[in-house]
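Colleague: File name run.cif; file contents mmCIF, C-alpha atoms; full text below.
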```
data_final
loop_
_atom_site.label_atom_id
_atom_site.label_comp_id
_atom_site.auth_asym_id
_atom_site.auth_seq_id
_atom_site.Cartn_x
_atom_site.Cartn_y
_atom_site.Cartn_z
CA MET A 1 0.73 5.96 -18.15
CA ILE A 2 0.94 4.15 -14.81
CA TYR A 3 3.79 4.69 -12.34
CA CYS A 4 4.68 2.00 -9.80
CA LEU A 5 7.42 0.93 -7.40
CA GLY A 6 10.08 -0.91 -9.39
CA PRO A 7 12.19 -2.23 -10.82
CA LYS A 8 10.43 -4.67 -13.16
CA GLY A 9 9.30 -7.82 -11.42
CA SER A 10 8.04 -6.11 -8.25
CA TYR A 11 4.67 -6.97 -6.72
CA SER A 12 3.70 -3.36 -7.41
CA GLU A 13 4.33 -3.92 -11.11
CA MET A 14 2.07 -7.00 -10.97
CA ALA A 15 -0.71 -4.83 -9.55
CA ALA A 16 0.03 -2.10 -12.11
CA LYS A 17 -0.37 -4.62 -14.96
CA ILE A 18 -3.82 -5.58 -13.68
CA PHE A 19 -4.85 -1.94 -13.35
CA SER A 20 -3.46 -1.25 -16.83
CA LYS A 21 -5.98 -3.73 -18.27
CA ILE A 22 -8.80 -2.09 -16.33
CA LEU A 23 -7.74 1.39 -17.46
CA GLY A 24 -6.67 0.44 -20.98
CA LYS A 25 -3.23 1.99 -20.44
CA ASN A 26 -0.24 0.06 -21.77
CA THR A 27 2.69 2.13 -20.51
CA ILE A 28 4.01 1.23 -17.06
CA VAL A 29 6.92 3.21 -15.61
CA CYS A 30 8.85 1.71 -12.68
CA CYS A 31 10.07 4.21 -10.08
CA ASN A 32 12.83 3.89 -7.49
CA SER A 33 10.61 4.51 -4.46
CA ILE A 34 7.02 5.01 -3.33
CA TYR A 35 7.81 8.69 -2.85
CA ASP A 36 8.94 8.90 -6.48
CA VAL A 37 5.55 7.52 -7.59
CA PHE A 38 3.74 10.33 -5.76
CA GLN A 39 6.18 12.93 -7.05
CA ALA A 40 5.85 11.70 -10.64
CA LEU A 41 2.07 12.05 -10.39
CA GLU A 42 2.37 15.50 -8.88
CA ASN A 43 4.29 16.61 -11.98
CA SER A 44 2.14 14.71 -14.50
CA GLU A 45 -1.08 15.30 -16.41
CA ASN A 46 -4.50 14.11 -15.26
CA ASP A 47 -4.39 10.96 -17.41
CA ALA A 48 -1.46 9.46 -15.47
CA TYR A 49 -1.92 7.16 -12.46
CA GLY A 50 0.18 5.40 -9.86
CA VAL A 51 0.04 2.07 -8.04
CA VAL A 52 1.46 1.80 -4.51
CA PRO A 53 1.21 -0.79 -1.70
CA SER A 54 -1.16 0.29 1.05
CA GLU A 55 -1.61 -2.57 3.51
CA ASN A 56 -0.49 -6.14 4.17
CA SER A 57 -2.49 -8.83 5.95
CA ILE A 58 0.53 -9.79 8.12
CA GLU A 59 2.44 -6.58 8.76
CA GLY A 60 -0.39 -4.03 8.53
CA SER A 61 -0.32 -0.68 6.77
CA VAL A 62 2.57 0.58 4.69
CA SER A 63 3.37 3.64 6.78
CA LEU A 64 5.12 5.59 4.03
CA THR A 65 2.12 5.32 1.71
CA GLN A 66 -0.24 6.48 4.47
CA ASP A 67 1.97 9.47 5.28
CA LEU A 68 2.33 10.44 1.61
CA LEU A 69 -1.44 10.36 1.08
CA LEU A 70 -1.63 13.15 3.64
CA GLU A 71 1.47 15.00 2.42
CA PHE A 72 0.24 15.05 -1.20
CA TYR A 73 -3.43 15.57 -0.32
CA ASP A 74 -3.67 18.81 -2.29
CA LYS A 75 -2.81 16.95 -5.50
CA ILE A 76 -3.50 13.21 -5.13
CA ARG A 77 -6.61 11.04 -4.64
CA ILE A 78 -7.40 7.29 -4.51
CA TYR A 79 -9.25 5.84 -7.53
CA GLY A 80 -9.12 2.07 -7.02
CA GLU A 81 -8.06 -0.81 -4.79
CA LEU A 82 -6.74 -4.29 -5.54
CA ASP A 83 -5.66 -7.19 -3.31
CA ILE A 84 -2.89 -9.55 -4.48
CA ASN A 85 -1.89 -12.83 -2.85
CA ILE A 86 1.81 -12.75 -1.98
CA ASN A 87 3.94 -15.87 -2.43
CA HIS A 88 7.45 -15.02 -1.27
CA CYS A 89 10.31 -17.08 -2.65
CA LEU A 90 13.93 -17.44 -1.67
CA VAL A 91 15.88 -16.47 -4.77
CA GLY A 92 19.59 -16.87 -5.41
CA TYR A 93 22.24 -19.45 -6.27
CA ASN A 94 22.69 -21.90 -3.40
CA LYS A 95 20.52 -22.00 -0.28
CA GLU A 96 23.16 -23.84 1.77
CA LYS A 97 25.74 -21.10 1.28
CA ILE A 98 23.56 -18.01 1.89
CA LYS A 99 24.67 -15.71 4.69
CA ARG A 100 22.75 -12.53 3.82
CA VAL A 101 19.32 -11.86 2.30
CA TYR A 102 17.99 -8.71 0.66
CA SER A 103 14.40 -7.56 0.32
CA HIS A 104 11.88 -4.83 1.05
CA PRO A 105 11.40 -4.28 4.83
CA GLN A 106 7.81 -5.54 4.65
CA ALA A 107 8.88 -8.76 2.90
CA LEU A 108 11.66 -9.32 5.42
CA ALA A 109 9.16 -8.87 8.25
CA GLN A 110 6.70 -11.25 6.60
CA CYS A 111 9.42 -13.95 6.52
CA ARG A 112 10.86 -13.19 9.97
CA LYS A 113 10.63 -16.74 11.35
CA TYR A 114 12.09 -18.31 8.23
CA ILE A 115 15.05 -15.92 8.25
CA LYS A 116 15.69 -16.42 11.97
CA LYS A 117 15.60 -20.19 11.54
CA HIS A 118 18.52 -19.96 9.09
CA GLY A 119 20.40 -17.27 10.99
CA TRP A 120 20.80 -14.99 7.99
CA GLU A 121 21.74 -11.33 8.09
CA VAL A 122 19.05 -9.11 6.57
CA VAL A 123 19.59 -6.08 4.35
CA PRO A 124 16.52 -3.94 3.55
CA VAL A 125 16.23 -2.41 0.06
CA SER A 126 13.55 -0.35 -1.69
CA SER A 127 11.66 -3.27 -3.28
CA THR A 128 11.65 -7.06 -3.66
CA ALA A 129 12.56 -6.80 -7.34
CA LYS A 130 15.45 -4.48 -6.49
CA ALA A 131 16.70 -7.21 -4.13
CA VAL A 132 16.73 -9.79 -6.93
CA LYS A 133 18.43 -7.38 -9.30
CA LEU A 134 21.07 -6.69 -6.65
CA VAL A 135 21.71 -10.40 -5.96
CA ARG A 136 22.08 -10.94 -9.71
CA SER A 137 24.64 -8.16 -9.98
CA LEU A 138 26.63 -9.41 -6.97
CA GLY A 139 26.82 -12.91 -8.40
CA SER A 140 27.70 -14.45 -5.03
CA GLU A 141 26.36 -17.69 -3.57
CA GLU A 142 26.45 -16.04 -0.13
CA VAL A 143 23.56 -13.69 -0.90
CA GLY A 144 19.88 -14.28 -1.59
CA ALA A 145 16.70 -12.31 -2.11
CA ILE A 146 13.11 -12.64 -0.97
CA ALA A 147 10.84 -11.86 -3.89
CA SER A 148 8.33 -13.31 -6.35
CA LYS A 149 8.83 -16.23 -8.70
CA GLU A 150 8.25 -13.80 -11.57
CA ALA A 151 11.14 -11.60 -10.44
CA ALA A 152 13.45 -14.61 -10.25
CA LYS A 153 12.54 -15.59 -13.80
CA LEU A 154 12.95 -12.04 -15.07
CA TYR A 155 16.50 -11.75 -13.70
CA ASN A 156 17.41 -15.36 -14.53
CA LEU A 157 17.95 -16.57 -10.96
CA LYS A 158 16.88 -19.80 -9.25
CA VAL A 159 13.87 -20.12 -6.99
CA LEU A 160 15.46 -21.97 -4.09
CA GLU A 161 12.24 -22.31 -2.07
CA GLU A 162 8.65 -21.12 -2.47
CA GLY A 163 6.07 -19.98 0.08
CA ILE A 164 8.57 -18.90 2.75
CA GLN A 165 6.31 -16.30 4.39
CA ASP A 166 5.47 -16.99 8.03
CA TYR A 167 1.72 -17.14 7.39
CA ARG A 168 -0.08 -18.72 4.45
CA ASN A 169 -2.70 -16.00 4.14
CA ASN A 170 -0.38 -13.24 2.94
CA THR A 171 -2.16 -10.58 0.93
CA THR A 172 -1.08 -7.07 0.00
CA ARG A 173 -3.51 -4.31 -0.86
CA PHE A 174 -2.51 -1.91 -3.62
CA ILE A 175 -4.22 1.38 -4.36
CA LEU A 176 -4.56 3.20 -7.66
CA ILE A 177 -3.81 6.89 -7.17
CA GLY A 178 -4.06 9.86 -9.49
CA ARG A 179 -4.24 13.60 -9.59
CA LYS A 180 -7.11 15.35 -7.85
CA GLY A 181 -9.87 16.24 -10.30
CA SER A 182 -9.40 13.27 -12.61
CA LYS A 183 -12.66 12.28 -14.31
CA LEU A 184 -11.87 8.58 -13.98
CA GLU A 185 -14.91 6.58 -12.88
CA LEU A 186 -14.31 2.82 -12.79
CA LYS A 187 -17.50 0.86 -13.39
CA GLY A 188 -18.48 -2.60 -12.25
CA ASP A 189 -20.24 -4.56 -9.53
CA GLU A 190 -17.30 -4.37 -7.14
CA THR A 191 -17.69 -2.81 -3.71
CA LYS A 192 -17.20 0.94 -3.45
CA LYS A 193 -15.16 2.24 -0.52
CA SER A 194 -14.06 5.62 0.74
CA THR A 195 -11.09 6.80 2.77
CA VAL A 196 -10.90 9.85 5.01
CA ILE A 197 -8.27 11.30 7.35
CA VAL A 198 -9.62 13.02 10.45
CA LYS A 199 -8.02 14.97 13.24
CA LEU A 200 -9.69 15.34 16.62
CA ILE A 201 -10.51 18.82 17.86
CA GLU A 202 -8.85 17.98 21.17
CA ASP A 203 -7.50 14.97 23.03
CA ARG A 204 -10.21 14.24 25.57
CA PRO A 205 -12.31 11.27 26.74
CA GLY A 206 -15.01 10.37 24.22
CA ALA A 207 -13.60 12.42 21.31
CA LEU A 208 -13.04 9.40 19.07
CA TYR A 209 -16.31 7.83 20.21
CA GLU A 210 -18.22 10.87 18.91
CA ILE A 211 -16.77 10.29 15.44
CA LEU A 212 -17.54 6.58 15.48
CA LYS A 213 -21.07 7.30 16.67
CA VAL A 214 -21.68 9.38 13.53
CA PHE A 215 -20.80 6.35 11.37
CA ASN A 216 -23.08 4.22 13.51
CA ASP A 217 -25.94 6.71 13.22
CA PHE A 218 -25.59 6.63 9.42
CA LYS A 219 -25.34 2.81 9.53
CA VAL A 220 -22.00 2.88 7.71
CA ASN A 221 -19.73 -0.17 7.85
CA LEU A 222 -16.13 0.67 8.76
CA THR A 223 -13.47 -1.57 7.17
CA ARG A 224 -10.38 0.01 8.74
CA ILE A 225 -9.47 2.59 11.37
CA GLU A 226 -5.86 3.38 12.14
CA SER A 227 -4.04 6.06 14.07
CA ARG A 228 -0.88 7.75 12.77
CA PRO A 229 1.29 10.41 14.43
CA SER A 230 0.24 13.90 13.34
CA LYS A 231 3.92 14.90 13.19
CA GLU A 232 2.98 18.04 15.12
CA GLU A 233 3.82 16.91 18.65
CA LEU A 234 4.34 13.71 20.61
CA GLY A 235 1.05 12.03 21.50
CA ASN A 236 -0.94 13.92 18.85
CA TYR A 237 -2.62 11.58 16.34
CA ILE A 238 -4.72 11.60 13.21
CA PHE A 239 -7.01 8.76 12.11
CA TYR A 240 -7.31 7.02 8.75
CA ILE A 241 -10.77 5.54 8.26
CA ASP A 242 -11.97 3.30 5.41
CA TYR A 243 -15.68 2.60 5.03
CA ILE A 244 -18.24 1.24 2.59
CA THR A 245 -19.47 4.27 0.69
CA PRO A 246 -23.10 5.12 1.55
CA ASP A 247 -25.51 6.79 -0.88
CA ASN A 248 -25.74 9.79 1.43
CA GLU A 249 -21.99 10.26 1.83
CA GLU A 250 -22.18 14.06 1.55
CA ASP A 251 -24.48 14.17 4.57
CA LEU A 252 -22.12 11.84 6.45
CA ILE A 253 -19.14 14.11 5.78
CA GLU A 254 -21.05 17.18 6.93
CA ALA A 255 -22.03 15.42 10.17
CA LEU A 256 -18.42 14.37 10.79
CA LYS A 257 -17.16 17.93 10.32
CA ARG A 258 -18.94 18.98 13.51
CA HIS A 259 -16.69 16.67 15.57
CA VAL A 260 -13.23 17.09 14.00
CA ALA A 261 -10.56 19.74 13.54
CA TYR A 262 -10.40 18.71 9.89
CA ILE A 263 -11.48 15.92 7.58
CA LYS A 264 -9.69 15.08 4.34
CA HIS A 265 -11.58 12.91 1.86
CA LEU A 266 -9.06 10.84 -0.11
CA GLY A 267 -11.59 9.43 -2.54
CA SER A 268 -14.46 7.03 -3.16
CA TYR A 269 -13.27 4.14 -5.31
CA ARG A 270 -13.93 0.64 -6.61
CA VAL A 271 -12.46 -2.48 -5.01
CA PHE A 272 -11.28 -5.02 -7.57
CA SER A 273 -10.40 -8.69 -7.32
CA ARG A 274 -7.23 -9.93 -8.98
CA GLY A 275 -9.11 -11.91 -11.60
#
```
As structure tokens, please, write out the structure in this file.

Modeller:
Amino acid sequence: MIYCLGPKGSYSEMAAKIFSKILGKNTIVCCNSIYDVFQALENSENDAYGVVPSENSIEGSVSLTQDLLLEFYDKIRIYGELDININHCLVGYNKEKIKRVYSHPQALAQCRKYIKKHGWEVVPVSSTAKAVKLVRSLGSEEVGAIASKEAAKLYNLKVLEEGIQDYRNNTTRFILIGRKGSKLELKGDETKKSTVIVKLIEDRPGALYEILKVFNDFKVNLTRIESRPSKEELGNYIFYIDYITPDNEEDLIEALKRHVAYIKHLGSYRVFSRG
């Protein structure tokens, strides 16, 4: 079973379908929110997995997913990664009569210039597919949704315009998550990456440099580093770091431990192309 952000027709479901072929799992369950995906996994068996958006090439990381990876660290790990090209469409009844558009906050942000050009009011909802479903239920020519062509077809609505995102190169990264201790090991020639969360021992000059120097000493290629509020006090941050997994990763982790208050290893996993 694979849980994903729904309803049917969401970009998350697209990613879940690809992972379902890789895993050989046919049952996909659409959840109401990203949090619900994590919670469903927390209460599931080890053979269940989830697919959630992690990062977008235009708007950056999906903050909720990053925060939940830390919140559910005792139970959840990352087992795979997949990038999907995003082609946002304006969906509805009549483009000339639209006054209000619905979509996920990330999708609305990715189409900011297009929306401003038309002077539409924006209404954020939990997913792009939920936006289409809502526009369908309202049945008004004054509302539209920003979503995929597949979602429009699924809910029997018109695609009024394709490719409305502000930048052509619009890609969203999805991660496959599952319960800690799962024996899943995805094979293949794809790149293997790892993700860790680290917290500095103290906020002082050179503290972050010492961590980065360890990666340099081990000749490890970093693919992402991002700070997030620790939620402990204002100005206190933790760092999410993605890197190409080295053969001597255990030694790398031990070396990093000498420079941090804590390090949380979220998993070493395969990176897949859409195919």

Colleague: Name all residues at most 10 Å from Leu184 of chain A (count only C-alpha atoms; drop same-chain ones fewer than 3 positions away) and give them as a PyMOL selection string.

Modeller: chain A and resi 23+46-47+79-80+178+181+187+269

Colleague: Could you save the residues just selected, with C-alpha atoms, as an mmCIF file, in the frame of the given file?

Modeller:
```cif
data_model
loop_
_atom_site.group_PDB
_atom_site.id
_atom_site.type_symbol
_atom_site.label_atom_id
_atom_site.label_comp_id
_atom_site.auth_asym_id
_atom_site.auth_seq_id
_atom_site.Cartn_x
_atom_site.Cartn_y
_atom_site.Cartn_z
ATOM 1 C CA LEU A 23 -7.740 1.390 -17.460
ATOM 2 C CA ASN A 46 -4.500 14.110 -15.260
ATOM 3 C CA ASP A 47 -4.390 10.960 -17.410
ATOM 4 C CA TYR A 79 -9.250 5.840 -7.530
ATOM 5 C CA GLY A 80 -9.120 2.070 -7.020
ATOM 6 C CA GLY A 178 -4.060 9.860 -9.490
ATOM 7 C CA GLY A 181 -9.870 16.240 -10.300
ATOM 8 C CA LYS A 187 -17.500 0.860 -13.390
ATOM 9 C CA TYR A 269 -13.270 4.140 -5.310
#
```

Colleague: Please identify every residue of segment 63-87 of chain A that has at least one atom no farther than 12 Å from an atom of segment 159-171 of chain A, counting all atoms listed in the file, and for each give the shortest atom pair and the distance in Å to one decimal, arranged by chain then increasing number, as a Markdown table.

Modeller:
```
| residue | atom | partner | partner_atom | distance |
| --- | --- | --- | --- | --- |
| A:Leu82 | CA | A:Thr171 | CA | 10.1 |
| A:Asp83 | CA | A:Thr171 | CA | 6.5 |
| A:Ile84 | CA | A:Thr171 | CA | 5.6 |
| A:Asn85 | CA | A:Thr171 | CA | 4.4 |
| A:Ile86 | CA | A:Thr171 | CA | 5.4 |
| A:Asn87 | CA | A:Gly163 | CA | 5.3 |
```

Colleague: Those selected residues, please, written with C-alpha atoms and delivered as an mmCIF file, in the frame of the given file.

Modeller:
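This went into again-v6.cif:
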```cif
data_model
loop_
_atom_site.group_PDB
_atom_site.id
_atom_site.type_symbol
_atom_site.label_atom_id
_atom_site.label_comp_id
_atom_site.auth_asym_id
_atom_site.auth_seq_id
_atom_site.Cartn_x
_atom_site.Cartn_y
_atom_site.Cartn_z
ATOM 1 C CA LEU A 82 -6.740 -4.290 -5.540
ATOM 2 C CA ASP A 83 -5.660 -7.190 -3.310
ATOM 3 C CA ILE A 84 -2.890 -9.550 -4.480
ATOM 4 C CA ASN A 85 -1.890 -12.830 -2.850
ATOM 5 C CA ILE A 86 1.810 -12.750 -1.980
ATOM 6 C CA ASN A 87 3.940 -15.870 -2.430
#
```

Colleague: Give me, please, the distance in Å between atom CA of Leu134 of chain A and atom CA of Tyr102 of chain A, quoted to one decimal.

Modeller: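 Computing the Euclidean distance for atom CA of Leu134 of chain A and atom CA of Tyr102 of chain A yields 8.2 Å.
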
Colleague: For Leu256 of chain A, find every residue with an atom within 9 Å (counting only C-alpha atoms), except residues of its own chain fewer than 2 positions away, and show them as a list in words.

Modeller: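 Close residues of Leu256 of chain A: Val198, Glu210, Ile211, Val214, Phe215, Asp251, Leu252, Ile253, Glu254, Arg258, His259, Val260 and Ile263 of chain A.
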
Colleague: Would you mind listing what lies within 12 Å of Ile34 of chain A as a PyMOL selection string, with all atoms listed in the file counted and same-chain residues fewer than 3 positions away left out?

Modeller: chain A and resi 3-7+12+30-31+37-41+50-54+62-69+104+126-127+174-175+177

Colleague: Pick from A:Ile238, A:Ala109, A:Leu176, A:Val91: nearest to Lys17 of chain A, with all atoms listed in the file counted?

Modeller: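 For Lys17 of chain A, the nearest of the given residues is A:Leu176.
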
Colleague: Excluding Thr128 of chain A and any residue of its chain fewer than 4 positions from it, enumerate the residues within 7 Å of it, using only C-alpha atoms, and give them as a PyMOL selection string.

Modeller: chain A and resi 10+103-104+132+146-147

Colleague: Output C-alpha atoms for every residue in the selection just made, as a PDB file, keeping the file's coordinate frame.

Modeller:
```pdb
ATOM      1  CA  SER A  10       8.040  -6.110  -8.250  1.00  0.00           C
ATOM      2  CA  SER A 103      14.400  -7.560   0.320  1.00  0.00           C
ATOM      3  CA  HIS A 104      11.880  -4.830   1.050  1.00  0.00           C
ATOM      4  CA  VAL A 132      16.730  -9.790  -6.930  1.00  0.00           C
ATOM      5  CA  ILE A 146      13.110 -12.640  -0.970  1.00  0.00           C
ATOM      6  CA  ALA A 147      10.840 -11.860  -3.890  1.00  0.00           C
TER       7      ALA A 147
END
```

Colleague: Since the input has fewer atoms than a full residue there, write segment 46-57 of chain A out with all heavy atoms, as a PDB file, in the coordinates of the input.

Modeller:
```
ATOM      1  N   ASN A  46      -3.407  14.811 -15.932  1.00  0.00           N
ATOM      2  CA  ASN A  46      -4.500  14.110 -15.260  1.00  0.00           C
ATOM      3  C   ASN A  46      -4.737  12.691 -15.755  1.00  0.00           C
ATOM      4  O   ASN A  46      -5.467  11.932 -15.129  1.00  0.00           O
ATOM      5  CB  ASN A  46      -5.804  14.904 -15.398  1.00  0.00           C
ATOM      6  CG  ASN A  46      -5.895  16.032 -14.376  1.00  0.00           C
ATOM      7  OD1 ASN A  46      -5.063  16.130 -13.485  1.00  0.00           O
ATOM      8  ND2 ASN A  46      -6.883  16.881 -14.517  1.00  0.00           N
ATOM      9  N   ASP A  47      -4.150  12.311 -16.897  1.00  0.00           N
ATOM     10  CA  ASP A  47      -4.390  10.960 -17.410  1.00  0.00           C
ATOM     11  C   ASP A  47      -3.335   9.960 -16.946  1.00  0.00           C
ATOM     12  O   ASP A  47      -3.291   8.829 -17.415  1.00  0.00           O
ATOM     13  CB  ASP A  47      -4.464  10.979 -18.942  1.00  0.00           C
ATOM     14  CG  ASP A  47      -3.167  11.461 -19.573  1.00  0.00           C
ATOM     15  OD1 ASP A  47      -2.321  12.020 -18.848  1.00  0.00           O
ATOM     16  OD2 ASP A  47      -3.005  11.286 -20.791  1.00  0.00           O
ATOM     17  N   ALA A  48      -2.462  10.359 -16.039  1.00  0.00           N
ATOM     18  CA  ALA A  48      -1.460   9.460 -15.470  1.00  0.00           C
ATOM     19  C   ALA A  48      -1.934   8.976 -14.097  1.00  0.00           C
ATOM     20  O   ALA A  48      -2.639   9.690 -13.382  1.00  0.00           O
ATOM     21  CB  ALA A  48      -0.117  10.159 -15.352  1.00  0.00           C
ATOM     22  N   TYR A  49      -1.531   7.742 -13.740  1.00  0.00           N
ATOM     23  CA  TYR A  49      -1.920   7.160 -12.460  1.00  0.00           C
ATOM     24  C   TYR A  49      -0.732   6.457 -11.825  1.00  0.00           C
ATOM     25  O   TYR A  49       0.300   6.259 -12.458  1.00  0.00           O
ATOM     26  CB  TYR A  49      -3.107   6.197 -12.640  1.00  0.00           C
ATOM     27  CG  TYR A  49      -4.347   6.923 -13.102  1.00  0.00           C
ATOM     28  CD1 TYR A  49      -4.615   7.075 -14.468  1.00  0.00           C
ATOM     29  CD2 TYR A  49      -5.216   7.509 -12.193  1.00  0.00           C
ATOM     30  CE1 TYR A  49      -5.720   7.789 -14.899  1.00  0.00           C
ATOM     31  CE2 TYR A  49      -6.330   8.215 -12.614  1.00  0.00           C
ATOM     32  CZ  TYR A  49      -6.573   8.357 -13.967  1.00  0.00           C
ATOM     33  OH  TYR A  49      -7.655   9.076 -14.388  1.00  0.00           O
ATOM     34  N   GLY A  50      -0.879   6.105 -10.569  1.00  0.00           N
ATOM     35  CA  GLY A  50       0.180   5.400  -9.860  1.00  0.00           C
ATOM     36  C   GLY A  50      -0.393   4.236  -9.075  1.00  0.00           C
ATOM     37  O   GLY A  50      -1.567   4.241  -8.704  1.00  0.00           O
ATOM     38  N   VAL A  51       0.436   3.227  -8.834  1.00  0.00           N
ATOM     39  CA  VAL A  51       0.040   2.070  -8.040  1.00  0.00           C
ATOM     40  C   VAL A  51       1.060   1.905  -6.915  1.00  0.00           C
ATOM     41  O   VAL A  51       2.265   1.784  -7.173  1.00  0.00           O
ATOM     42  CB  VAL A  51      -0.016   0.791  -8.890  1.00  0.00           C
ATOM     43  CG1 VAL A  51      -0.290  -0.427  -8.006  1.00  0.00           C
ATOM     44  CG2 VAL A  51      -1.090   0.915  -9.962  1.00  0.00           C
ATOM     45  N   VAL A  52       0.580   1.921  -5.666  1.00  0.00           N
ATOM     46  CA  VAL A  52       1.460   1.800  -4.510  1.00  0.00           C
ATOM     47  C   VAL A  52       0.870   0.825  -3.495  1.00  0.00           C
ATOM     48  O   VAL A  52      -0.350   0.702  -3.392  1.00  0.00           O
ATOM     49  CB  VAL A  52       1.699   3.172  -3.827  1.00  0.00           C
ATOM     50  CG1 VAL A  52       2.525   4.086  -4.719  1.00  0.00           C
ATOM     51  CG2 VAL A  52       0.383   3.825  -3.447  1.00  0.00           C
ATOM     52  N   PRO A  53       1.717   0.106  -2.743  1.00  0.00           N
ATOM     53  CA  PRO A  53       1.210  -0.790  -1.700  1.00  0.00           C
ATOM     54  C   PRO A  53       0.638   0.022  -0.541  1.00  0.00           C
ATOM     55  O   PRO A  53       1.207   1.034  -0.127  1.00  0.00           O
ATOM     56  CB  PRO A  53       2.450  -1.576  -1.274  1.00  0.00           C
ATOM     57  CG  PRO A  53       3.596  -0.655  -1.579  1.00  0.00           C
ATOM     58  CD  PRO A  53       3.188   0.098  -2.813  1.00  0.00           C
ATOM     59  N   SER A  54      -0.490  -0.440  -0.014  1.00  0.00           N
ATOM     60  CA  SER A  54      -1.160   0.290   1.050  1.00  0.00           C
ATOM     61  C   SER A  54      -1.201  -0.475   2.371  1.00  0.00           C
ATOM     62  O   SER A  54      -1.049   0.107   3.438  1.00  0.00           O
ATOM     63  CB  SER A  54      -2.595   0.619   0.612  1.00  0.00           C
ATOM     64  OG  SER A  54      -3.335   1.183   1.660  1.00  0.00           O
ATOM     65  N   GLU A  55      -1.408  -1.793   2.280  1.00  0.00           N
ATOM     66  CA  GLU A  55      -1.610  -2.570   3.510  1.00  0.00           C
ATOM     67  C   GLU A  55      -1.289  -4.030   3.252  1.00  0.00           C
ATOM     68  O   GLU A  55      -1.506  -4.538   2.150  1.00  0.00           O
ATOM     69  CB  GLU A  55      -3.060  -2.413   3.969  1.00  0.00           C
ATOM     70  CG  GLU A  55      -3.399  -3.071   5.289  1.00  0.00           C
ATOM     71  CD  GLU A  55      -4.848  -2.868   5.685  1.00  0.00           C
ATOM     72  OE1 GLU A  55      -5.614  -2.277   4.896  1.00  0.00           O
ATOM     73  OE2 GLU A  55      -5.215  -3.317   6.790  1.00  0.00           O
ATOM     74  N   ASN A  56      -0.773  -4.712   4.261  1.00  0.00           N
ATOM     75  CA  ASN A  56      -0.490  -6.140   4.170  1.00  0.00           C
ATOM     76  C   ASN A  56      -1.209  -6.877   5.289  1.00  0.00           C
ATOM     77  O   ASN A  56      -1.312  -6.375   6.413  1.00  0.00           O
ATOM     78  CB  ASN A  56       1.019  -6.393   4.237  1.00  0.00           C
ATOM     79  CG  ASN A  56       1.357  -7.869   4.221  1.00  0.00           C
ATOM     80  OD1 ASN A  56       1.559  -8.478   5.262  1.00  0.00           O
ATOM     81  ND2 ASN A  56       1.402  -8.454   3.037  1.00  0.00           N
ATOM     82  N   SER A  57      -1.689  -8.076   4.980  1.00  0.00           N
ATOM     83  CA  SER A  57      -2.490  -8.830   5.950  1.00  0.00           C
ATOM     84  C   SER A  57      -1.665  -9.314   7.140  1.00  0.00           C
ATOM     85  O   SER A  57      -2.222  -9.649   8.190  1.00  0.00           O
ATOM     86  CB  SER A  57      -3.136 -10.038   5.259  1.00  0.00           C
ATOM     87  OG  SER A  57      -2.143 -10.891   4.692  1.00  0.00           O
TER      88      SER A  57
END
```
